Amino acid sequence: MPASRPPAPAPESRGGLLGSLVVLLLLAGLTAWSVLTLDPPAPAAADAPAASFSAERAFVHVEEIAAEVHVTGSPAHDRVVDGLVATLGGLGLDTRVQNAVGTWQSGPGAAEMARVRNVVAVLPGTASTGRLFLTAHSDSVETGPGAGDDAAGVATLLETVRALTEGEPLRNDVVVVLTDAEEACLCGAEAFAESHPLAGEGGVVLNLEARGTTGPPITFETSLGNEGLAARYAAAAPHPVATSFAVEVYRTLPNDTDFSVLLADGFTGLNTAFIDGNAAYHTPQDTPSRLDRGTLQALGDNTLALTRELGDADLTDLARPGDGDATYFPLPTGLVRYPGWLVWPLAGLAVFGVVVLAVVDRRRGTPLPRTLLGTLAALVPLVLAPLAVVGLWRLLVLVRPAYASMIDPWRPGWFRLAAVALVVLVVLAWYALLRRRLGAPALRTGGLALLAALAVVLAALAPGGSYLAALPALAGVLGGLLPRPVRVLGALGAGAVAVVVLAPTVALFFPALGLAGGAAPAAVATLLTLVLLPALEGLFPSGPARVRALAVPGVAVVLVVLLTAVGLAVDRFDQQHPVPSQLVYALEADTGEAWWASTEEQPGEYTARYVGTPRTLPHDYPYLAGRAVAAGPAEVAGLPAPTVEVVDDRSSGGQRTVTVRVTPQRDVRLVVLDLGAPGGAVTAARVAAREVPADALGEDRLWIPFHAPPAGGLEATFTVDGGGPLSLRVVDGSDGLTGLPGFESRPAGVDAAGTHSSDLVVVGATTDLG
């Protein structure tokens with residue numbers, strides 16, 4: 001007679017289908033509240049009290065600044081600078097223009113430089129303990145007028161200063177720094193930090209940025225040791241949207257803003273940006289009409305309140321990094337904050353709690369090996385759900401190939417809901433398949449064990465993000481320890497904690513990373529769903545009705561399909577929401593070669609008229625060097641190359657110093673100096689009277705993109721150790737493809753992509769220096 005099989009574990013006792021539905025309805029309402037409270041407020045009217053911030057008043061400045069593209073060095077940017085000087089001077093601030101050359105993003109064999117015009121204005125304090133710097137950048141990209149990035153930031157500062165002049169004077173000096181060439185190379189911020197006398201003693205910075213046109217302004221980056229600043233932010237900001245996890249994530253990314261430059265120079269502070277509406281970022285669609293005035297209001301309310309808070313604070317300690325970072329995150333009622341030293345105790349308590357729960361489960365009839373299997377099983381949805389969301393995005397790209405060059409569609413809302421529904425589908429399907437085999441307690445405790453382990457990992461690697469796992473795990477443990485008659489209340493309590501902690505993170509991560517990076521918010525949504533398992537248990541049948549068990553994830557399947565279909569119907573390309581197209585014209589004047597090139601991963605119908613198979617061009621051009629790009633032959637245009645005049649050439653003791661003057665023969669915004677010294681090493685260089693950073697020297701080649709070159713030409717001096725001939729290849733760059741042979745204007749519904757190389761025209765030529 002065959003051995004009898006061990007009985008299948010009984011499912012967790014349920015509060016009934018009705019009880020689960022009530023709990024889930026309450027949690028759904030809490031989720032909506034947690035996410036909707038992130039939304040910006042209504043904009044204040046132009047006749048709002050004079051000492052308050054008005055988005056309508058600020059919007060007038062946005063319209064003036066973003067009336068046209070105003071790339072650094074252009075006449076349009078000069079007009080913007082003149083207007084800013086007049087506005088700040090009219091408010092009574094001592095306002096000056098810093099004309100300088102800045103440099104940033106240098107490394108072995110390369111350095112980026114720019115001629116900049118920073119606007120610096122001072123509102124003096126009554127008894128200053130330090131300086132508070134309000135910063136934003138005044139330049140736009142080459143392809144768009146920059147209403148969001150960063151006219152909104154500049155306008156916010158102008159309206160903030162106006163409001164300050166209507167109230168009592170602040171204790172501390174407030175310095176407004178409107179930088180130049182942020183888009184090009186962060187060179188305006190570097191020039192300010194390097195050479196402006198007001199920067200010498202450092203201070204506290206509030207930097208305003210944007211990577212979209214709407215959404216809540218998020219304080220996503222801080223200086224190290226942010227406990228003091230986080231406390232001031234939590235106390236003052238009327239619309240606090242900030243998470244210490246975002247700070248941890250951003251510190252690992254290669255992205256930079258002006259704030260990065262100032263941090264490197266010893267400043268402390270907070271960096272804030274709104275990031276939704278990414279499809280318009282850096283494109284011709286970043287216009288004033290598309291900017292969300294509620295977003296502008298939230299940005300202004302926070303900036304004004306923080307300026308008043310820090311303007312009257314003792315900045316002596318705040319201007320230096322503190323002893324540790326705080327942990328903080330938004331709740332519907334405000335910002336939760338606790339000191340960094342609590343991170344490890346909370347993570348350890350979560351682990352201890354899961355062990356206790358596993359022991360209690362064993363006494364209730366769930367063996368420890370089964371709980372361990374539940375823990376291992378919980379890895380399955382944590383891996384599969386993010387992969388499913390990646391697959392959803394790839395499916396959308398197959399349906400709409402133009403999505404390939406975007407990180408987010410124009411109208412991503414329905415797709416984001418579909419991605420969340422897909423996460424729920426994966427978790428529910430996993431749960432339905434395993435609950436009869438392992439039991440609901442093993443899967444519940446296994447999921448909490450996974451969160452506790454993750455809390456420990458984050459405590460070690462990204463302490464500011466450990467709360468995402470530790471707090472829901474602790475709440476889930478407490479809910480699981482409750483006696484059976486009130487366990488439904490435990491499910492509600494644990495779910496409530498998980499929702500308020502994790503749902504805002506999911507909502508903020510989708511615009512931050514886009515659907516193209518949807519794996520990260522999907523992982524957070526998976527953790528949330530695992531904590532909700534006790535609340536979901538009542539939806540499943542208690543008997544062996546497998547079909548009924550699979551009906552629950554079946555509903556999620558229908559929801560995913562429906563939401564995706566609605567997203568495709570709603571998000572269509574049109575003239576206001578065009579297909580992005582990236583195209584470069586490259587000409588090598590001394591060889592008579594010309595190409596069309598594009599960095600689009602899958603060139604669209606329009607771009608494909610010009611380019612074909614990806615290849616590496618035979619010459620290096622800015623933004624294209626060292627990468628394979630879709631390319632095709634182009635007719636040679638009659639565009640003159642820059643002239644190179646040797647001003648001085650002398651040698652001494654095995655060292656040669658050459659000074660040249662490079663003069664573009666057309667209206668350009670960029671000149672690249674590419675010095676080749678085979679057999680030697682470039683040991684010193686000076687361009688436009690500014691020394692090239694030392695970390696760019698020592699190689700046999702020096703590549704220097706110089707933005708906003710002087711109209712009369714660019715003078716550069718190179719010192720080379722060692723023998724061998726020298727050559728100088730010069731590439732200049734301008735914007736606009738109209739008039740080039742073979743170029744046809746884009747049709748309606750297609751427009752320039754938001755990249756620095758869209759519609760770029762580059763002309764290169766090489767001069768043998770002997």
# chains A, B, ... in the order shown; residues from 1 in each chain; ligands from 1
$ residues_around --residues "range 626-635 of chain A" --least-positions-apart "2" --cutoff "9 Å" --atoms "only C-alpha atoms" --output "MDAnalysis selection string"
chainID A and resid 585:587 593:603 608 610:617 620:621 623:624 637 740:742
$ closest_atom_pairs --of "range 470-523 of chain A" --to "range 338-360 of chain A" --cutoff "10 Å" --atoms "only C-alpha atoms" --output "Markdown table"
| residue | atom | partner | partner_atom | distance |
| --- | --- | --- | --- | --- |
| A:Ala470 | CA | A:Ala347 | CA | 5.3 |
| A:Leu471 | CA | A:Leu346 | CA | 7.6 |
| A:Pro472 | CA | A:Ala350 | CA | 8.9 |
| A:Ala473 | CA | A:Ala350 | CA | 5.9 |
| A:Leu474 | CA | A:Ala350 | CA | 5.2 |
| A:Ala475 | CA | A:Ala350 | CA | 9.0 |
| A:Gly476 | CA | A:Val354 | CA | 8.9 |
| A:Val477 | CA | A:Gly353 | CA | 6.0 |
| A:Leu478 | CA | A:Gly353 | CA | 8.0 |
| A:Gly479 | CA | A:Leu357 | CA | 9.8 |
| A:Gly480 | CA | A:Leu357 | CA | 7.0 |
| A:Leu481 | CA | A:Leu357 | CA | 6.4 |
$ closest_residue --among "A:Leu335, A:Ala42, A:Val23, A:Val662" --to "Thr643 in chain A" --atoms "only C-alpha atoms"
A:Val662
$ residues_around --residues "Val120 in chain A" --least-positions-apart "5" --cutoff "6 Å" --atoms "only C-alpha atoms" --output "list in words"
Thr95, Arg96, Val176 and Val177 of chain A
$ write_last_selection --atoms "N, CA, C and O atoms" --output "PDB file, in the first residue's frame"
ATOM      1  N   THR A  95      22.824  93.950  -8.400  1.00  0.00           N
ATOM      2  CA  THR A  95      22.846  92.925  -9.446  1.00  0.00           C
ATOM      3  C   THR A  95      24.006  93.147 -10.391  1.00  0.00           C
ATOM      4  O   THR A  95      24.188  94.258 -10.915  1.00  0.00           O
ATOM      5  N   ARG A  96      24.774  92.105 -10.622  1.00  0.00           N
ATOM      6  CA  ARG A  96      25.927  92.173 -11.523  1.00  0.00           C
ATOM      7  C   ARG A  96      25.907  90.969 -12.459  1.00  0.00           C
ATOM      8  O   ARG A  96      25.318  89.933 -12.149  1.00  0.00           O
ATOM      9  N   VAL A 176      21.143  85.520  -5.149  1.00  0.00           N
ATOM     10  CA  VAL A 176      20.488  84.888  -6.299  1.00  0.00           C
ATOM     11  C   VAL A 176      21.549  84.664  -7.367  1.00  0.00           C
ATOM     12  O   VAL A 176      22.219  85.617  -7.794  1.00  0.00           O
ATOM     13  N   VAL A 177      21.708  83.402  -7.794  1.00  0.00           N
ATOM     14  CA  VAL A 177      22.691  83.059  -8.819  1.00  0.00           C
ATOM     15  C   VAL A 177      21.964  82.382  -9.973  1.00  0.00           C
ATOM     16  O   VAL A 177      21.498  81.247  -9.837  1.00  0.00           O
TER      17      VAL A 177
END
$ closest_residue --among "A:Gly764, A:Val423, A:Leu468, A:Glu699" --to "Thr591 in chain A" --atoms "only C-alpha atoms"
A:Gly764
$ select_by_dssp --residues "range 531-637 of chain A" --states "helix (DSSP H, G or I)" --output "PyMOL selection string"
chain A and resi 531+533-539+546-570+607-609
$ closest_residue --among "A:Gly365, A:Gly490, A:Gly464, A:Pro288" --to "Glu221 in chain A" --atoms "only C-alpha atoms"
A:Gly464
$ select_by_dssp --residues "range 418-653 of chain A" --states "strand (DSSP E or B)" --output "ChimeraX atom specification"
/A:579-581,584-588,593-598,614-615,629-633,643-652
$ atom_distance --atom1 "CA of Val750 in chain A" --atom2 "CA of Ser581 in chain A"
6.7 Å
$ residues_around --residues "Val97 in chain A" --least-positions-apart "4" --cutoff "8 Å" --atoms "only C-alpha atoms" --output "list of chain:residue names"
A:Val85, A:Arg117, A:Asn118, A:Val119, A:Val120
$ write_last_selection --atoms "C-alpha atoms" --output "PDB file, in the first residue's frame"
ATOM      1  CA  VAL A  85      19.377  92.208 -14.562  1.00  0.00           C
ATOM      2  CA  ARG A 117      27.304  85.210 -18.305  1.00  0.00           C
ATOM      3  CA  ASN A 118      26.020  84.520 -14.799  1.00  0.00           C
ATOM      4  CA  VAL A 119      23.565  86.923 -13.183  1.00  0.00           C
ATOM      5  CA  VAL A 120      24.379  87.416  -9.488  1.00  0.00           C
TER       6      VAL A 120
END
